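Single-structure report; data block below.
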Amino acid sequence: MTTDADFLQSSFREKLLEHVFVSELLQEVWLANRQTMEVLRPEVDSSGYDLLLDREGVIRYVQLKSSRSDAKTSRQTVNSSLADKPGACVIWLVFQECNQRFKLEYLVFPDKLSGRLDLGTTIGRHARANATGYKAERPNTRVITKSKFTKLQTTNELVEWLFC
């Protein structure tokens, strides 16, 4: 159920989903193996990632995206600087509200974490058009279609994908 609050408080919801995501990861790592994981956030959003995850020396630079499970979103626009980071990935949080909690599923890109991240060549565009209706390119972004993401249904699968 989408409400006005979903639009008016989208920054709040985005941060809330990030915290839910981090909580799910930390619980999985701790409860499954009694291990810890560092979670770091950049002070400025210019390097292409939202979180840096470090588990036993394996480092992942993560750009987070999110959408409701019933959304028609078919692509995500990603900061091209992400490709410069070793172990970089995009995690698309697909959420639904269930019993006053967020239930998460995950779409991940790339399908395997090895080598340099290939974001392709499709350049993103601004969401808003100018006075003539033209949506200018955003040269520091790339568009990744949903078909290039791999679906993971559990946090356990996500942890395996991230760190194994």
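Note on naming: chains are A, B, ... as they come in the structure tokens, residues start from 1 per chain, ligands start from 1 in the order shown.
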
Near-Arg68 in chain A list (9 Å; only C-alpha atoms; drop same-chain fewer than 6 positions) as a VMD selection string: chain A and resid 2 93 to 97

Considering only C-alpha atoms, give me a table of residues in range 115-135 of chain A that are at most 6 Å from range 139-147 of chain A, with the closest atom pair and distance in Å for each, as CSV.
residue,atom,partner,partner_atom,distance
A:Thr122,CA,A:Arg142,CA,5.4
A:Ile123,CA,A:Arg142,CA,4.6
A:Gly124,CA,A:Arg142,CA,5.2

Selected residues written out with C-alpha atoms, as a compact mmCIF listing (two decimals), in the first residue's frame:
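What landed in result_32.txt:
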# COMPACT_ATOMS: atom_id res chain seq x y z
CA THR A 122 23.99 2.95 -20.99
CA ILE A 123 24.18 6.42 -19.45
CA GLY A 124 21.45 7.50 -17.04

Give me the residues of range 10-57 of chain A that have any atom at most 12 Å from an atom of range 148-154 of chain A; for each, the nearest atom pair and the distance in Å, rounded to one decimal. Use only C-alpha atoms, sort by chain and number, and format it as CSV.
residue,atom,partner,partner_atom,distance
A:Phe21,CA,A:Thr154,CA,11.5
A:Glu24,CA,A:Thr154,CA,9.7
A:Leu25,CA,A:Thr154,CA,10.3
A:Glu28,CA,A:Thr154,CA,9.9

Polymer residues at most 10 Å from Trp161 in chain A, only C-alpha atoms, same-chain spacing of 2 or more positions, as a PyMOL selection string: chain A and resi 108+111-113+152+155-159+163-164

Distance in Å - CA of Met37 in chain A versus CA of Gly57 in chain A: 9.4 Å

Which of A:Phe109, A:Tyr49, A:Phe102, A:Tyr61 sits closest to Arg75 in chain A [using only C-alpha atoms]: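 Of the candidates, the smallest distance to Arg75 in chain A is held by A:Phe109.
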
Distance of CA of Ser81 in chain A from CA of Gly48 in chain A, expressed in Å to one decimal place: 5.0 Å

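Restricting the calculation to only C-alpha atoms, the smallest distance between Arg125 in chain A and any of A:Thr77, A:Leu51, A:Glu43, A:Glu38 is found for A:Thr77.
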
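The smallest atom-to-atom distance between Lys65 in chain A and any of A:Thr36, A:Leu107, A:Leu26, A:Leu52, using only C-alpha atoms, is found for A:Leu107.
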
Between CA of Ser114 in chain A and CA of Ala88 in chain A - distance in Å to one decimal: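 Atom-to-atom, CA of Ala88 in chain A and CA of Ser114 in chain A are spaced 9.1 Å apart.
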
Residue list (strand (DSSP E or B), DSSP) for range 25-122 of chain A, as a PyMOL selection string: chain A and resi 38-40+51-55+58-68+75-79+88-98+101-109

Contacts of Val22 in chain A at 10 Å (only C-alpha atoms; same-chain gap of 5+ positions) as an MDAnalysis selection string: chainID A and resid 16:17 27:28 39 51 53

Contact residues around Val58 in chain A with only C-alpha atoms at 9 Å, ignoring same-chain residues under 2 positions, as an NGL selection string: :A and (53-56 or 60 or 87 or 162-163)

Shell of 9 Å around Lys135 in chain A, only C-alpha atoms, local chain residues under 5 positions omitted, as a VMD selection string: chain A and resid 125 to 130

Per-residue DSSP, range 22-149 of chain A, filtered to helix (DSSP H, G or I), as a PyMOL selection string: chain A and resi 22-33+80-84+146-148

Just to be explicit: take each residue in the selection above, keep C-alpha atoms, and write the result as a compact mmCIF listing (two decimals), in the first residue's frame.
# COMPACT_ATOMS: atom_id res chain seq x y z
CA VAL A 22 22.26 -3.93 8.06
CA SER A 23 20.44 -5.50 11.00
CA GLU A 24 19.51 -8.54 8.90
CA LEU A 25 23.13 -8.95 7.74
CA LEU A 26 24.63 -8.57 11.20
CA GLN A 27 22.14 -11.03 12.70
CA GLU A 28 22.87 -13.60 9.99
CA VAL A 29 26.64 -13.33 10.38
CA TRP A 30 26.50 -13.46 14.18
CA LEU A 31 23.79 -16.06 14.74
CA ALA A 32 25.00 -18.45 12.03
CA ASN A 33 28.73 -18.37 12.80
CA SER A 80 29.77 4.87 -12.34
CA SER A 81 32.47 5.48 -9.67
CA LEU A 82 31.38 2.17 -8.14
CA ALA A 83 33.23 0.35 -10.93
CA ASP A 84 36.53 1.71 -9.57
CA LYS A 146 16.47 -5.75 -13.81
CA SER A 147 17.24 -8.75 -16.03
CA LYS A 148 20.95 -8.38 -15.15
